[in-house]
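Undergrad: First, the structure itself, so that you have it in front of you.
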Amino acid sequence: MVNKQVRASFNSSRTMKINILFCILGLIFCSFGQIPNTVSLKNINGKMVSFTDYPDAKGFIVIFTCNHCPFAKLYPKRLNDLNETYTKSKVPLIAINSMDTISYEEDGYLKMIQKAKKEHFSFPYLYDPTQETAKLFRAKKTPHAFIIWRNGDHFDIKYSGAIDDNGMNPNEVENPYICMALDELLLGKEVSISETITIGCQIYFRK
């Protein structure tokens with residue numbers, strides 16, 4: 001009888017721990033993929049930019065990029081083209097630099113200003129010195145692309161990964177992932193390819 005009671009108590013405790021674990025995991029997975037509309041970072045013109053500055057936006061193309069990464073350097077024209085194309089559909093592009101400036105001085109704020117001018121950026125290029133925004137998105141590489149879609153007072157991540165499947169030659173792109181996902185979303189469809197592998201330079205987090 002004692003052994004049965006001990007086993008019952010053990011099983012009950014074990015079940016409780018498992019239930020607590022699933023509750024915690026549930027909270028994690030529920031919160032993953034949602035971005036608050038309160039994100040606010042400094043643009044290269046010195047002004048703060050927030051998602052709330054775009055009240056009519058259906059969503060955003062968010063690109064984590066930087067100055068020094070050779071792979072990221074292949075994309076400025078394509079980013080301008082994406083911004084020009086999809087801003088008309090109320091989905092503007094915003095670029096964010098979260099690279100560690102201690103390791104890479106080239107990614108400092110003043111260098112960002114110079115790069116944006118040289119590359120004729122048609123979109124905001126925001127500075128994330130604390131790297132908190134990159135952590136919020138769980139960005140890993142430069143470039144790392146996201147599509148976020150408005151859902152009430154927050155945004156849902158609808159796509160995460162590469163911009164397209166050919167960084168070296170834009171004329172040989174077979175899968176323009178950002179365009180594919182956005183075209184589906186704008187038609188009210190689910191994104192058929194919601195995640196791809198990012199290729200580029202690792203974002204090193206100081207903490």
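Residues in the structure tokens are numbered from 1 in each chain, the chains being A, B, ... in the order shown, and ligands are numbered from 1 in the order shown.
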Near Val39 (chain A), within 7 Å and counting only C-alpha atoms, which residues show up once chain neighbours fewer than 2 positions away are dropped, as a list of chain:residue names?

TA: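 Counting only the stated atoms, we get A:Pro36, A:Asn37, A:Leu41, A:Ser50, A:Phe51.
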
Undergrad: Env of Pro129 (chain A): 8 Å cut, atoms = only C-alpha atoms, seq-sep filter 4 positions within chain, self excluded. Answer as a list in words.

TA: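 Returned residues: Ser98, Met99, Asp100 and Thr101 of chain A.
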
Undergrad: For Asn175 (chain A), which of A:Ile193, A:Ala72, A:Lys158, A:Met48 is the closest residue, counting only C-alpha atoms?

TA: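 Counting only C-alpha atoms, the residue closest to Asn175 (chain A) is A:Ile193.
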
Undergrad: Please return as a VMD selection string: the residues of region 72-155 of chain A that backbone DSSP assigns to helix (DSSP H, G or I).

TA: chain A and resid 72 to 74 76 to 87 105 to 107 109 to 118 132 to 137

Undergrad: Could you write out the selected residues, including N, CA and C atoms, as a tab-separated table (two decimals), in the first residue's frame?

TA:
```tsv
chain	number	residue	atom	x	y	z
A	72	ALA	N	26.02	40.87	-47.77
A	72	ALA	CA	25.04	41.95	-47.65
A	72	ALA	C	25.30	43.03	-48.71
A	73	LYS	N	26.56	43.20	-49.10
A	73	LYS	CA	26.92	44.23	-50.09
A	73	LYS	C	26.37	43.92	-51.48
A	74	LEU	N	25.88	42.71	-51.68
A	74	LEU	CA	25.33	42.32	-52.98
A	74	LEU	C	23.89	42.78	-53.18
A	76	PRO	N	22.03	45.97	-52.02
A	76	PRO	CA	21.41	47.30	-51.95
A	76	PRO	C	20.44	47.64	-53.07
A	77	LYS	N	20.80	47.37	-54.32
A	77	LYS	CA	19.89	47.69	-55.43
A	77	LYS	C	18.61	46.88	-55.32
A	78	ARG	N	18.73	45.61	-54.95
A	78	ARG	CA	17.53	44.78	-54.82
A	78	ARG	C	16.64	45.27	-53.68
A	79	LEU	N	17.26	45.77	-52.62
A	79	LEU	CA	16.45	46.31	-51.52
A	79	LEU	C	15.71	47.56	-51.97
A	80	ASN	N	16.38	48.42	-52.72
A	80	ASN	CA	15.70	49.59	-53.27
A	80	ASN	C	14.53	49.20	-54.16
A	81	ASP	N	14.76	48.18	-54.99
A	81	ASP	CA	13.69	47.72	-55.89
A	81	ASP	C	12.51	47.15	-55.10
A	82	LEU	N	12.79	46.38	-54.06
A	82	LEU	CA	11.72	45.83	-53.23
A	82	LEU	C	10.92	46.94	-52.56
A	83	ASN	N	11.63	47.93	-52.04
A	83	ASN	CA	10.96	49.04	-51.38
A	83	ASN	C	10.06	49.81	-52.35
A	84	GLU	N	10.59	50.06	-53.54
A	84	GLU	CA	9.83	50.81	-54.54
A	84	GLU	C	8.59	50.02	-54.97
A	85	THR	N	8.75	48.72	-55.15
A	85	THR	CA	7.63	47.89	-55.62
A	85	THR	C	6.53	47.74	-54.58
A	86	TYR	N	6.92	47.42	-53.34
A	86	TYR	CA	5.91	47.03	-52.36
A	86	TYR	C	5.42	48.17	-51.47
A	87	THR	N	6.13	49.29	-51.47
A	87	THR	CA	5.59	50.45	-50.77
A	87	THR	C	4.27	50.87	-51.41
A	105	GLU	N	34.13	48.06	-36.58
A	105	GLU	CA	34.02	49.52	-36.55
A	105	GLU	C	33.33	50.06	-37.80
A	106	GLU	N	33.43	49.32	-38.89
A	106	GLU	CA	32.81	49.74	-40.15
A	106	GLU	C	31.29	49.84	-40.05
A	107	ASP	N	30.73	49.22	-39.03
A	107	ASP	CA	29.28	49.23	-38.87
A	107	ASP	C	28.79	50.29	-37.90
A	109	TYR	N	27.56	54.07	-36.62
A	109	TYR	CA	26.46	54.91	-37.12
A	109	TYR	C	26.90	55.86	-38.23
A	110	LEU	N	28.05	56.51	-38.08
A	110	LEU	CA	28.52	57.45	-39.10
A	110	LEU	C	28.81	56.73	-40.42
A	111	LYS	N	29.33	55.51	-40.33
A	111	LYS	CA	29.58	54.71	-41.53
A	111	LYS	C	28.27	54.29	-42.18
A	112	MET	N	27.26	54.08	-41.38
A	112	MET	CA	25.93	53.76	-41.93
A	112	MET	C	25.41	54.91	-42.78
A	113	ILE	N	25.59	56.13	-42.28
A	113	ILE	CA	25.14	57.32	-43.01
A	113	ILE	C	25.84	57.39	-44.37
A	114	GLN	N	27.15	57.15	-44.35
A	114	GLN	CA	27.93	57.20	-45.59
A	114	GLN	C	27.48	56.13	-46.58
A	115	LYS	N	27.23	54.93	-46.07
A	115	LYS	CA	26.82	53.84	-46.95
A	115	LYS	C	25.45	54.11	-47.57
A	116	ALA	N	24.51	54.58	-46.75
A	116	ALA	CA	23.17	54.85	-47.25
A	116	ALA	C	23.21	55.91	-48.35
A	117	LYS	N	24.08	56.90	-48.19
A	117	LYS	CA	24.21	57.96	-49.20
A	117	LYS	C	24.85	57.41	-50.47
A	118	LYS	N	25.88	56.61	-50.30
A	118	LYS	CA	26.60	56.06	-51.45
A	118	LYS	C	25.72	55.10	-52.25
A	132	GLU	N	18.93	44.70	-29.21
A	132	GLU	CA	17.68	44.16	-28.66
A	132	GLU	C	16.66	43.85	-29.74
A	133	THR	N	16.65	44.66	-30.80
A	133	THR	CA	15.69	44.41	-31.87
A	133	THR	C	16.04	43.14	-32.64
A	134	ALA	N	17.33	42.92	-32.86
A	134	ALA	CA	17.75	41.68	-33.51
A	134	ALA	C	17.38	40.47	-32.67
A	135	LYS	N	17.52	40.58	-31.37
A	135	LYS	CA	17.14	39.49	-30.47
A	135	LYS	C	15.63	39.26	-30.51
A	136	LEU	N	14.87	40.35	-30.58
A	136	LEU	CA	13.42	40.26	-30.64
A	136	LEU	C	12.98	39.47	-31.87
A	137	PHE	N	13.62	39.75	-33.00
A	137	PHE	CA	13.29	39.05	-34.24
A	137	PHE	C	13.97	37.68	-34.33
```

Undergrad: Write down as a PyMOL selection string the residues of region 36-202 of chain A whose backbone DSSP state falls under strand (DSSP E).

TA: chain A and resi 36+40-42+48-50+59-64+93-97+125-127+141-142+144-151+154-161+201-202

Undergrad: Output C-alpha atoms of each residue in that selection to a file, as a PDB file, in the first residue's frame.

TA:
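The result, stored in part30.pdb:
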```
ATOM      1  CA  PRO A  36       5.156  44.690 -31.014  1.00  0.00           C
ATOM      2  CA  SER A  40      11.675  52.406 -32.381  1.00  0.00           C
ATOM      3  CA  LEU A  41      15.230  52.981 -33.650  1.00  0.00           C
ATOM      4  CA  LYS A  42      17.331  55.888 -34.955  1.00  0.00           C
ATOM      5  CA  MET A  48      13.556  57.961 -34.641  1.00  0.00           C
ATOM      6  CA  VAL A  49      11.531  55.566 -36.768  1.00  0.00           C
ATOM      7  CA  SER A  50       8.804  53.275 -35.448  1.00  0.00           C
ATOM      8  CA  GLY A  59       3.072  45.020 -43.003  1.00  0.00           C
ATOM      9  CA  PHE A  60       6.795  45.511 -43.462  1.00  0.00           C
ATOM     10  CA  ILE A  61       9.796  43.972 -45.140  1.00  0.00           C
ATOM     11  CA  VAL A  62      12.434  44.036 -42.400  1.00  0.00           C
ATOM     12  CA  ILE A  63      16.016  43.359 -43.465  1.00  0.00           C
ATOM     13  CA  PHE A  64      18.797  42.899 -40.923  1.00  0.00           C
ATOM     14  CA  LEU A  93      11.008  48.091 -46.444  1.00  0.00           C
ATOM     15  CA  ILE A  94      13.022  48.919 -43.339  1.00  0.00           C
ATOM     16  CA  ALA A  95      16.677  47.916 -42.904  1.00  0.00           C
ATOM     17  CA  ILE A  96      18.293  47.463 -39.486  1.00  0.00           C
ATOM     18  CA  ASN A  97      21.964  47.230 -38.545  1.00  0.00           C
ATOM     19  CA  TYR A 125      18.436  52.340 -42.360  1.00  0.00           C
ATOM     20  CA  LEU A 126      18.072  51.992 -38.598  1.00  0.00           C
ATOM     21  CA  TYR A 127      20.739  51.633 -35.927  1.00  0.00           C
ATOM     22  CA  LYS A 141      22.808  36.660 -40.320  1.00  0.00           C
ATOM     23  CA  THR A 142      23.264  39.655 -42.574  1.00  0.00           C
ATOM     24  CA  HIS A 144      18.303  38.154 -42.722  1.00  0.00           C
ATOM     25  CA  ALA A 145      14.902  39.037 -44.149  1.00  0.00           C
ATOM     26  CA  PHE A 146      11.541  39.086 -42.396  1.00  0.00           C
ATOM     27  CA  ILE A 147       8.027  39.865 -43.520  1.00  0.00           C
ATOM     28  CA  ILE A 148       5.792  41.003 -40.686  1.00  0.00           C
ATOM     29  CA  TRP A 149       2.053  41.453 -41.104  1.00  0.00           C
ATOM     30  CA  ARG A 150      -0.258  43.682 -39.102  1.00  0.00           C
ATOM     31  CA  ASN A 151      -2.515  41.884 -36.628  1.00  0.00           C
ATOM     32  CA  HIS A 154       1.215  43.793 -33.105  1.00  0.00           C
ATOM     33  CA  PHE A 155       2.739  42.174 -36.177  1.00  0.00           C
ATOM     34  CA  ASP A 156       2.988  38.478 -36.998  1.00  0.00           C
ATOM     35  CA  ILE A 157       6.127  37.141 -38.627  1.00  0.00           C
ATOM     36  CA  LYS A 158       5.014  35.571 -41.893  1.00  0.00           C
ATOM     37  CA  TYR A 159       8.418  34.890 -43.419  1.00  0.00           C
ATOM     38  CA  SER A 160      11.978  34.530 -42.143  1.00  0.00           C
ATOM     39  CA  GLY A 161      15.088  33.775 -44.160  1.00  0.00           C
ATOM     40  CA  CYS A 201      27.738  37.083 -41.900  1.00  0.00           C
ATOM     41  CA  GLN A 202      26.860  35.995 -38.390  1.00  0.00           C
TER      42      GLN A 202
END
```

Undergrad: Calculated over only C-alpha atoms, which of the candidates A:Ser194, A:Cys66, A:Pro92, A:Phe71 has the smallest distance to Asp128 (chain A)?

TA: A:Cys66

Undergrad: Calculate how many Å separate CA of Ile178 (chain A) from CA of Ile163 (chain A), rounding to one decimal.

TA: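 Between CA of Ile178 (chain A) and CA of Ile163 (chain A) the gap is 5.6 Å.
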
Undergrad: State, in Å with one decimal place, the distance from CA of Asp183 (chain A) to CA of Val91 (chain A).

TA: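 If I compute the distance from CA of Asp183 (chain A) to CA of Val91 (chain A), I get 10.9 Å.
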
Undergrad: Between CA of Ile102 (chain A) and CA of Asn67 (chain A), measure the distance and give it in Å to one decimal.

TA: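 We find that CA of Ile102 (chain A) and CA of Asn67 (chain A) lie 13.7 Å from each other.
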
Undergrad: Between A:Thr65, A:Ser122, A:Arg138, A:Ala162, which has the minimum distance to Pro176 (chain A) (counting only C-alpha atoms)?

TA: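 Closest candidate: A:Ala162.
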
Undergrad: Return the single residue from A:His68, A:Glu190, A:Phe121, A:Pro143 that is closest to Asn45 (chain A), with distances computed using only C-alpha atoms.

TA: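 The shortest atom-to-atom distance to Asn45 (chain A) comes from A:Phe121.
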